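First the structure, in the form of C-alpha cells, and then the observations on it.
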Amino acid sequence: MNSQKEEFLKIFDSIEFDKIKDHPNILIAANFWSHDRYCAAKIFYKFMRKIDDMIDDYKASHKSIDESERDGFILKVNEWLSMIIKSEECNPLQQEIIETIEKFRLPLWTMKDFSRSMLYDINNDGFPTLDSFIEYSGGASVAPASVFVHLNGLSRQNGRYEPPSFDVREAATPCAMFSYLVHIIRDFQKDQLNNLNYFANDMLEKYRLSRFDLKEIAYGHPVGYNFRGMIKEYYLLADKYRIKTYEILEKILPLHPPRYQLSLMIIFNLYLMVFERIDLENGSFKSAELNPTPEETRQRVYDTIINFQPV
C-alpha cells in the first residue's frame, strides 16, 4: 500500500460516522480536504441549513404556511440573504460568513439561487409539474452542491485561493440532480410525516394518486402498483443524471489533485449507495429500508479509498 493511500486511510479512521447528522455525505467527503476548506464547508452549510430548517420545521408542525404569515418568512429570508451583502457591526456570525466567502472566493449566485428556492417553499405548497420541481432544484440542490464543487476545485496561487478552472454550476448539476431525486425517494416517508411533499402534481395525476394516498403509504399502508410506477419514473430520471455524472467526472477529475479526486468519488459513491437500495418491485419505501447505517456508510467510504486510482 502506497503512502498516499495510507494517508487517506488515516483520515478515514479519524471520521466519526455516527456523529455526522447534517449534510453527512458532504462533510464526510470534505474530511479529505485541507482543514481550512473543511471548516469553510461546515460554516457555509450551517448557514444554509439555518434558513432551510426554519421553513421545514414550521411546515412540520403547522402543515403549511398560512398566507397571513408569509410576509414574515419572506422578510427573514431576505434578511438572511442580506447578511452576505450588507455588513453589520458586532455580528460574529455575519463576519464569519463574509470572511469565508472572501477567502474562498465563493460565488454569490449560489446563495441567491438557494434563497429563491426558499421563497418558493414559503409561497407554494408543492409543485404543479415535474419541470417546476426541476427548476426549483436549481436553487435547492444545485446551488449547495456547487459550493461543494467550488471548494473542492480551488487552487492555491501566490498565497490565496483561486476559483476552479471549470464551470462549477455545469459540473455540479448532474450529481446534484441525481442525489436530489434519490433523496426524495429515500426521504419519502419522513417528508410525508413532516408535511413535506416533493412529488409533482402532474406525476400524481399521471399515476392516479392523491396526496392522501402518499400519506397512507407513509403510515404503512400497502404500496400499490401506481405508486411503484411513479417512483420508477423518478428513479429512471435519476439514472439519467447518474450517467451524466460519470461523464462530468471524466472531464473534471484530471483537473484536481488526488485527495480532491477522492473526495468527488466518495460523495458520488455515497449517493450511489442509496440509489442501489431502491427496490422498485418489492420495496416498502420506508426510511429504515432506504437509509444506510453509519457502519454501511463507513464501509462504502473504505471501499472507495481502497479502489481509488488517481487519474
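By convention in this document, the chains of the C-alpha cells carry letters A, B, ... by their order, each chain's residues are numbered from 1, and ligands are numbered from 1 in the order they are shown.
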Mind dumping a table of every range 276-311 of chain A residue within 12 Å of range 204-222 of chain A, with the nearest atom pair and its distance in Å to one decimal, using only C-alpha atoms, sorted by chain and rising number, as a tab-separated table?
residue	atom	partner	partner_atom	distance
A:Asn282	CA	A:Pro222	CA	10.8
A:Gly283	CA	A:Pro222	CA	10.4
A:Ser284	CA	A:Pro222	CA	7.9
A:Phe285	CA	A:Ala218	CA	8.1
A:Lys286	CA	A:Ala218	CA	7.2
A:Ser287	CA	A:Ala218	CA	9.3
A:Ala288	CA	A:Ala218	CA	12.0
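Backbone DSSP of range 46-213 of chain A yields strand (DSSP E) at Ser155, Arg156, Gln157, Arg160, Tyr161 and Glu162 of chain A.
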A:Ala145, A:Met177, A:Val168, A:Ile15 ranked by distance to Leu237 in chain A, top pick (using only C-alpha atoms): A:Met177
I need the helix (DSSP H, G or I) residues of range 77-271 of chain A per DSSP on the backbone, written as an NGL selection string. :A and (77-82 or 92-104 or 109-123 or 130-153 or 168-186 or 188-193 or 201-206 or 211-218 or 225-255 or 258-271)
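Among the candidate residues A:Leu249, A:Asn158, A:Met203, A:Asn195, the one lying nearest to Ala171 in chain A is A:Leu249, with distances computed using only C-alpha atoms.
Between Glu162 in chain A and the candidates A:Phe188, A:Phe104, A:Phe44, A:Tyr136, the tightest atom-to-atom separation, counting only C-alpha atoms, involves A:Phe104.
Atom pair CA of His183 in chain A / CA of Lys21 in chain A has a distance of 15.0 Å (rounded to one decimal).
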Tell me which of A:Trp109, A:Phe308, A:Tyr180, A:Tyr58 sits closest to Phe133 in chain A, counting only C-alpha atoms. A:Tyr180
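The residue set within 12 Å of Pro258 in chain A, counting only C-alpha atoms and dropping same-chain residues fewer than 6 places from it, reads Gln4, Lys5, Glu7, Phe8, Phe32, Trp33, Asn152, Gly153, Ile252, Leu264, Met265, Ile305, Phe308, Gln309, Pro310 and Val311 of chain A.
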Writing out the chosen residues with N, CA, C and O atoms as a tab-separated table (two decimals), in the first residue's frame:
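Once everything was written out, this is result.tsv:
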chain	number	residue	atom	x	y	z
A	4	GLN	N	0.35	7.50	0.00
A	4	GLN	CA	-0.82	8.35	-0.22
A	4	GLN	C	-2.09	7.66	0.27
A	4	GLN	O	-2.92	8.27	0.96
A	5	LYS	N	-2.24	6.39	-0.06
A	5	LYS	CA	-3.43	5.65	0.39
A	5	LYS	C	-3.41	5.49	1.90
A	5	LYS	O	-4.48	5.53	2.54
A	7	GLU	N	-2.27	7.66	3.96
A	7	GLU	CA	-2.72	8.96	4.47
A	7	GLU	C	-4.25	9.06	4.40
A	7	GLU	O	-4.90	9.53	5.34
A	8	PHE	N	-4.82	8.60	3.30
A	8	PHE	CA	-6.28	8.63	3.15
A	8	PHE	C	-6.95	7.75	4.21
A	8	PHE	O	-7.98	8.13	4.79
A	32	PHE	N	-11.54	14.97	3.61
A	32	PHE	CA	-10.31	14.69	2.88
A	32	PHE	C	-9.69	15.94	2.27
A	32	PHE	O	-8.67	15.86	1.59
A	33	TRP	N	-10.31	17.10	2.53
A	33	TRP	CA	-9.76	18.38	2.10
A	33	TRP	C	-8.74	18.88	3.13
A	33	TRP	O	-8.59	18.30	4.21
A	152	ASN	N	-14.00	22.21	-3.45
A	152	ASN	CA	-13.18	21.06	-3.81
A	152	ASN	C	-12.23	21.38	-4.97
A	152	ASN	O	-11.14	20.81	-5.06
A	153	GLY	N	-12.64	22.30	-5.84
A	153	GLY	CA	-11.86	22.57	-7.04
A	153	GLY	C	-10.94	23.77	-6.95
A	153	GLY	O	-10.29	24.13	-7.95
A	252	ILE	N	-13.60	16.42	-15.24
A	252	ILE	CA	-13.03	17.29	-14.22
A	252	ILE	C	-12.07	16.60	-13.25
A	252	ILE	O	-11.25	17.29	-12.62
A	264	LEU	N	-14.45	13.75	-4.53
A	264	LEU	CA	-15.54	13.69	-5.50
A	264	LEU	C	-16.08	12.27	-5.64
A	264	LEU	O	-17.30	12.05	-5.72
A	265	MET	N	-15.19	11.29	-5.65
A	265	MET	CA	-15.62	9.90	-5.78
A	265	MET	C	-16.36	9.43	-4.54
A	265	MET	O	-17.33	8.66	-4.63
A	305	ILE	N	-11.91	4.23	-0.96
A	305	ILE	CA	-10.49	4.54	-0.78
A	305	ILE	C	-9.62	3.40	-1.32
A	305	ILE	O	-8.64	3.63	-2.05
A	308	PHE	N	-9.60	3.33	-5.07
A	308	PHE	CA	-9.31	4.60	-5.73
A	308	PHE	C	-7.98	4.57	-6.47
A	308	PHE	O	-6.95	4.17	-5.93
A	309	GLN	N	-8.03	5.03	-7.72
A	309	GLN	CA	-6.82	5.20	-8.53
A	309	GLN	C	-6.84	6.61	-9.12
A	309	GLN	O	-7.72	6.92	-9.92
A	310	PRO	N	-5.92	7.48	-8.72
A	310	PRO	CA	-5.93	8.84	-9.27
A	310	PRO	C	-5.70	8.85	-10.76
A	310	PRO	O	-5.03	7.96	-11.31
A	311	VAL	N	-6.28	9.84	-11.43
A	311	VAL	CA	-6.13	9.94	-12.89
A	311	VAL	C	-5.25	11.13	-13.25
A	311	VAL	O	-5.05	12.03	-12.45
Excluding range 239-241 of chain A and its own-chain neighbours fewer than 6 positions away, which residues fall within 7 Å of it when counting only C-alpha atoms? Please give them as a PyMOL selection string. chain A and resi 174-175+177-178
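The residue that comes closest to Asp57 in chain A, out of A:Leu193, A:Val147, A:Leu75, A:Ile243 and on the basis of only C-alpha atoms, is A:Leu193.
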Could you list, as a short mmCIF file (atom, residue, chain, number, x, y, z; two decimals) with N, CA and C atoms, in the first residue's frame, every residue within 8 Å of Gly126 in chain A, counting only C-alpha atoms and ignoring same-chain residues fewer than 6 positions away?
data_model
loop_
_atom_site.label_atom_id
_atom_site.label_comp_id
_atom_site.auth_asym_id
_atom_site.auth_seq_id
_atom_site.Cartn_x
_atom_site.Cartn_y
_atom_site.Cartn_z
N LEU A 196 -44.26 17.45 4.20
CA LEU A 196 -43.48 17.90 3.05
C LEU A 196 -43.71 16.95 1.89
N ASN A 197 -43.96 17.49 0.71
CA ASN A 197 -44.19 16.65 -0.47
C ASN A 197 -43.42 17.21 -1.66
N TYR A 198 -42.58 16.37 -2.25
CA TYR A 198 -41.76 16.81 -3.38
C TYR A 198 -42.16 16.13 -4.69
N PHE A 199 -43.24 15.35 -4.66
CA PHE A 199 -43.72 14.69 -5.87
C PHE A 199 -44.73 15.60 -6.56
N ALA A 200 -44.47 15.89 -7.83
CA ALA A 200 -45.23 16.90 -8.56
C ALA A 200 -46.67 16.45 -8.82
N ASN A 201 -47.57 17.44 -8.88
CA ASN A 201 -48.99 17.16 -9.09
C ASN A 201 -49.26 16.44 -10.41
#
Write out as a CSV table (one decimal) with C-alpha atoms, in the first residue's frame which residues come within 10 Å of Lys232 in chain A when counting only C-alpha atoms, dropping same-chain ones fewer than 4 positions away.
chain,number,residue,atom,x,y,z
A,185,ILE,CA,-37.3,8.7,-2.8
A,226,ASN,CA,-49.4,3.1,-9.2
A,227,PHE,CA,-47.0,4.3,-6.6
A,228,ARG,CA,-44.3,2.0,-7.8
A,236,LEU,CA,-35.2,6.4,-14.2
A,237,LEU,CA,-34.8,10.2,-14.3
A,238,ALA,CA,-32.2,9.9,-11.5
A,278,ILE,CA,-34.2,1.4,-4.1
A,279,ASP,CA,-36.2,-1.7,-4.8
A,280,LEU,CA,-38.8,-0.8,-7.3
A,281,GLU,CA,-40.5,-4.2,-7.3
As a list in words, please: the residues near Pro294 in chain A (cut-off 7 Å, only C-alpha atoms, same-chain neighbours under 2 positions excluded). Phe17, Asp18, Pro292, Glu296, Thr297 and Arg298 of chain A
